[in-house]
Amino acid sequence: MKKPLVGAVFAVALLGAGVAPATAATAPAGDTTAPAATVKAKPRAKAVNFAGTVALSNCSGSVVRTPDSQPGDPALVLSNGHCMETGFPGPGEVVRDQPSTRSFTLLNASGTGVGTLRASKIAYGTMTDTDISVYQLTSTYAQIESTYGIKALELNTAHPVQGTAITVVSGYWKRTYACNVDGFVYRLKEGSWTWKDSVRYTSACQTIGGTSGSPVIDNATGKVVAVNNTGNEDGQRCTDNNPCEVDESGNVTVRQGINYAQETYGIVPCIGPGNQFDLNRAGCVLPKP
């Protein structure tokens with residue numbers, strides 16, 4: 001998670017947006033070139049493409065559903081808490097049911113923008129324990145599929161597995177990054193924020209500014225297992241833009257150039273009938289206001 005870039009003329013021209021991309025993860029110090037369209041690691045499943053991803057004005061995201069979501073439910077867009085138009089929520093702060101008219105550019109499989117979706121509210125957002133925002137849209141899943149022929153990405157219900165081949169799909173940059181789950185971080189600390197049980201990528205996923213909020217997709221299942229959010233840029237210890245890993249004994253590890261994501265399986269128990277968030281549902285452990 002990093003502060004928005006200033007003066008990213010190319011990025012603004014690319015999307016016609018008035019806001020530069022948030023720098024949730026940046027290439028290692030000294031790397032001034034953009035990554036290739038796809039960082040090749042293990043072969044990706046053909047199902048992993050841009051369909052269902054979205055571009056925000058400053059970040060990436062995706063249209064998502066739970067296994068129990070219904071075609072007539074208002075659709076949801078997943079991104080990062082630090083990507084919300086209201087600014088970074090402070091430690092301990094939770095945003096719930098806040099009206100929003102934010103727009104999202106919906107992409108098809110090849111990464112072409114096919115339409116604009118609009119939010120009715122920020123259903124949930126926080127940077128405490130995790131870094132997520134979930135917008136409720138004015139459109140249902142059925143309406144989106146009927147109009148654009150695009151289905152939502154499904155949130156996986158189980159904890160990610162170490163070694164899993166994954167792809168980070170950025171709707172903002174229309175780029176993908178392929179690597180593996182390297183492991184999990186007991187506590188990931190960055191500036192004022194602390195995130196629990198974060199996903200650490202292998203080094204092949206050199207995500208950059210604007211990839212904040214990208215879905216992290218399990219190549220084998222096509223399901224979303226995490227949401228991309230940060231990386232250690234300069235090798236500093238636990239500062240803004242330079243998260244550090246803290247183990248259960250309090251030992252700190254700094255991994256310059258390594259990037260991270262927040263797991264998403266914990267979102268599923270918190271979403272009830274009608275795609276409504278209910279933080280009191282059984283199994284829901286997301287922070288409450």
# chains A, B, ... in the order shown; residues from 1 in each chain; ligands from 1
call {"tool": "closest_atom_pairs", "arguments": {"of": "region 58-113 of chain A", "to": "region 222-231 of chain A", "cutoff": "12 Å", "atoms": "only C-alpha atoms", "output": "Markdown table"}}
result
| residue | atom | partner | partner_atom | distance |
| --- | --- | --- | --- | --- |
| A:Cys59 | CA | A:Asn229 | CA | 10.0 |
| A:Ser60 | CA | A:Asn228 | CA | 9.1 |
| A:Gly61 | CA | A:Val227 | CA | 8.4 |
| A:Ser62 | CA | A:Val224 | CA | 9.4 |
| A:Val63 | CA | A:Val224 | CA | 10.5 |
| A:Val64 | CA | A:Val224 | CA | 8.3 |
| A:Arg65 | CA | A:Val224 | CA | 9.7 |
| A:Thr66 | CA | A:Val224 | CA | 10.1 |
| A:Pro67 | CA | A:Lys223 | CA | 10.5 |
| A:Val77 | CA | A:Val227 | CA | 11.6 |
| A:Leu78 | CA | A:Val227 | CA | 8.0 |
| A:Ser79 | CA | A:Val227 | CA | 7.0 |
| A:Asn80 | CA | A:Asn229 | CA | 6.6 |
| A:Gly81 | CA | A:Asn229 | CA | 9.1 |
| A:His82 | CA | A:Asn229 | CA | 8.6 |
| A:Cys83 | CA | A:Asn229 | CA | 9.5 |
call {"tool": "select_by_dssp", "arguments": {"residues": "region 94-241 of chain A", "states": "strand (DSSP E or B)", "output": "VMD selection string"}}
result
chain A and resid 94 to 99 103 to 107 113 to 126 129 132 to 140 153 to 155 165 to 170 175 to 190 193 to 201 215 to 218 224 to 231 239
call {"tool": "closest_atom_pairs", "arguments": {"of": "region 216-249 of chain A", "to": "region 190-210 of chain A", "cutoff": "6 Å", "atoms": "only C-alpha atoms", "output": "JSON lines"}}
result
{"residue": "A:Cys238", "atom": "CA", "partner": "A:Glu190", "partner_atom": "CA", "distance": 4.8}
{"residue": "A:Thr239", "atom": "CA", "partner": "A:Gly191", "partner_atom": "CA", "distance": 4.5}
{"residue": "A:Asp240", "atom": "CA", "partner": "A:Gly191", "partner_atom": "CA", "distance": 4.7}
{"residue": "A:Pro243", "atom": "CA", "partner": "A:Glu190", "partner_atom": "CA", "distance": 4.3}
call {"tool": "select_by_dssp", "arguments": {"residues": "region 30-277 of chain A", "states": "alpha helix (DSSP H)", "output": "list in words"}}
result
Tyr141, Ala142, Gln143, Ile144, Glu145, Ser146, Thr147 and Tyr148 of chain A
call {"tool": "atom_distance", "arguments": {"atom1": "CA of Phe277 (chain A)", "atom2": "CA of Met84 (chain A)"}}
result
17.5 Å
call {"tool": "closest_residue", "arguments": {"among": "A:Asn180, A:Gln256, A:Ser69, A:Ser100", "to": "Ile166 (chain A)", "atoms": "only C-alpha atoms"}}
result
A:Asn180
call {"tool": "atom_distance", "arguments": {"atom1": "CA of Val285 (chain A)", "atom2": "CA of Thr221 (chain A)"}}
result
24.8 Å
call {"tool": "closest_residue", "arguments": {"among": "A:Gln136, A:Thr126, A:Asn242, A:Asn49", "to": "Asn259 (chain A)", "atoms": "only C-alpha atoms"}}
result
A:Asn242
call {"tool": "decode", "arguments": {"residues": "region 95-124 of chain A", "atoms": "N, CA, C and O atoms", "output": "short mmCIF file (atom, residue, chain, number, x, y, z; two decimals), in the first residue's frame"}}
result
data_model
loop_
_atom_site.label_atom_id
_atom_site.label_comp_id
_atom_site.auth_asym_id
_atom_site.auth_seq_id
_atom_site.Cartn_x
_atom_site.Cartn_y
_atom_site.Cartn_z
N VAL A 95 -15.57 1.26 7.47
CA VAL A 95 -16.59 1.97 6.71
C VAL A 95 -17.71 0.99 6.37
O VAL A 95 -17.45 -0.09 5.85
N ARG A 96 -18.95 1.38 6.68
CA ARG A 96 -20.09 0.50 6.41
C ARG A 96 -21.22 1.28 5.76
O ARG A 96 -21.60 2.35 6.22
N ASP A 97 -21.75 0.73 4.69
CA ASP A 97 -22.95 1.26 4.05
C ASP A 97 -22.88 2.77 3.81
O ASP A 97 -23.84 3.50 4.07
N GLN A 98 -21.76 3.20 3.28
CA GLN A 98 -21.59 4.62 2.96
C GLN A 98 -21.98 4.87 1.51
O GLN A 98 -21.46 4.22 0.61
N PRO A 99 -22.90 5.82 1.26
CA PRO A 99 -23.33 6.07 -0.13
C PRO A 99 -22.14 6.38 -1.04
O PRO A 99 -21.19 7.05 -0.64
N SER A 100 -22.20 5.87 -2.26
CA SER A 100 -21.14 6.10 -3.24
C SER A 100 -21.73 6.03 -4.63
O SER A 100 -22.64 5.24 -4.90
N THR A 101 -21.21 6.87 -5.52
CA THR A 101 -21.61 6.81 -6.93
C THR A 101 -20.40 6.51 -7.81
O THR A 101 -20.37 6.85 -8.98
N ARG A 102 -19.41 5.87 -7.22
CA ARG A 102 -18.17 5.60 -7.94
C ARG A 102 -18.44 4.74 -9.17
O ARG A 102 -19.27 3.84 -9.16
N SER A 103 -17.69 5.00 -10.23
CA SER A 103 -17.84 4.23 -11.47
C SER A 103 -16.66 3.30 -11.68
O SER A 103 -15.55 3.57 -11.20
N PHE A 104 -16.90 2.21 -12.39
CA PHE A 104 -15.90 1.18 -12.66
C PHE A 104 -15.99 0.80 -14.13
O PHE A 104 -17.09 0.57 -14.64
N THR A 105 -14.85 0.71 -14.80
CA THR A 105 -14.82 0.24 -16.19
C THR A 105 -14.71 -1.27 -16.20
O THR A 105 -13.73 -1.84 -15.72
N LEU A 106 -15.72 -1.94 -16.73
CA LEU A 106 -15.75 -3.41 -16.78
C LEU A 106 -14.97 -3.89 -17.99
O LEU A 106 -15.15 -3.39 -19.10
N LEU A 107 -14.11 -4.89 -17.78
CA LEU A 107 -13.29 -5.44 -18.85
C LEU A 107 -13.79 -6.81 -19.29
O LEU A 107 -14.30 -7.59 -18.48
N ASN A 108 -13.58 -7.11 -20.59
CA ASN A 108 -13.87 -8.45 -21.07
C ASN A 108 -12.61 -9.30 -21.01
O ASN A 108 -11.58 -8.87 -20.48
N ALA A 109 -12.66 -10.49 -21.55
CA ALA A 109 -11.55 -11.44 -21.42
C ALA A 109 -10.24 -10.91 -21.97
O ALA A 109 -9.16 -11.20 -21.45
N SER A 110 -10.31 -10.12 -23.05
CA SER A 110 -9.09 -9.62 -23.68
C SER A 110 -8.58 -8.32 -23.05
O SER A 110 -7.55 -7.80 -23.46
N GLY A 111 -9.32 -7.79 -22.05
CA GLY A 111 -8.89 -6.57 -21.40
C GLY A 111 -9.46 -5.30 -21.99
O GLY A 111 -9.01 -4.20 -21.68
N THR A 112 -10.46 -5.45 -22.85
CA THR A 112 -11.12 -4.29 -23.45
C THR A 112 -12.26 -3.81 -22.55
O THR A 112 -13.06 -4.62 -22.07
N GLY A 113 -12.32 -2.50 -22.32
CA GLY A 113 -13.42 -1.95 -21.56
C GLY A 113 -14.72 -2.05 -22.34
O GLY A 113 -14.79 -1.59 -23.48
N VAL A 114 -15.73 -2.66 -21.75
CA VAL A 114 -16.98 -2.87 -22.47
C VAL A 114 -18.15 -2.08 -21.90
O VAL A 114 -19.23 -2.04 -22.50
N GLY A 115 -17.95 -1.46 -20.75
CA GLY A 115 -19.05 -0.71 -20.17
C GLY A 115 -18.67 -0.13 -18.82
O GLY A 115 -17.59 -0.40 -18.29
N THR A 116 -19.57 0.68 -18.29
CA THR A 116 -19.35 1.32 -17.00
C THR A 116 -20.36 0.82 -15.99
O THR A 116 -21.57 0.82 -16.25
N LEU A 117 -19.87 0.38 -14.85
CA LEU A 117 -20.71 -0.01 -13.73
C LEU A 117 -20.65 1.09 -12.68
O LEU A 117 -19.66 1.81 -12.59
N ARG A 118 -21.72 1.20 -11.89
CA ARG A 118 -21.74 2.28 -10.90
C ARG A 118 -22.13 1.73 -9.53
O ARG A 118 -22.99 0.86 -9.41
N ALA A 119 -21.48 2.26 -8.51
CA ALA A 119 -21.76 1.85 -7.14
C ALA A 119 -22.99 2.57 -6.60
O ALA A 119 -23.32 3.69 -7.02
N SER A 120 -23.66 1.91 -5.66
CA SER A 120 -24.70 2.57 -4.87
C SER A 120 -24.18 2.90 -3.48
O SER A 120 -24.63 3.85 -2.84
N LYS A 121 -23.18 2.09 -3.03
CA LYS A 121 -22.62 2.34 -1.70
C LYS A 121 -21.31 1.57 -1.53
O LYS A 121 -21.03 0.62 -2.27
N ILE A 122 -20.52 2.00 -0.55
CA ILE A 122 -19.41 1.19 -0.06
C ILE A 122 -20.03 0.29 1.01
O ILE A 122 -20.39 0.74 2.09
N ALA A 123 -20.19 -0.97 0.69
CA ALA A 123 -20.81 -1.89 1.63
C ALA A 123 -19.91 -2.15 2.83
O ALA A 123 -20.38 -2.25 3.97
N TYR A 124 -18.59 -2.26 2.55
CA TYR A 124 -17.63 -2.52 3.63
C TYR A 124 -16.25 -2.06 3.19
O TYR A 124 -15.87 -2.25 2.04
#
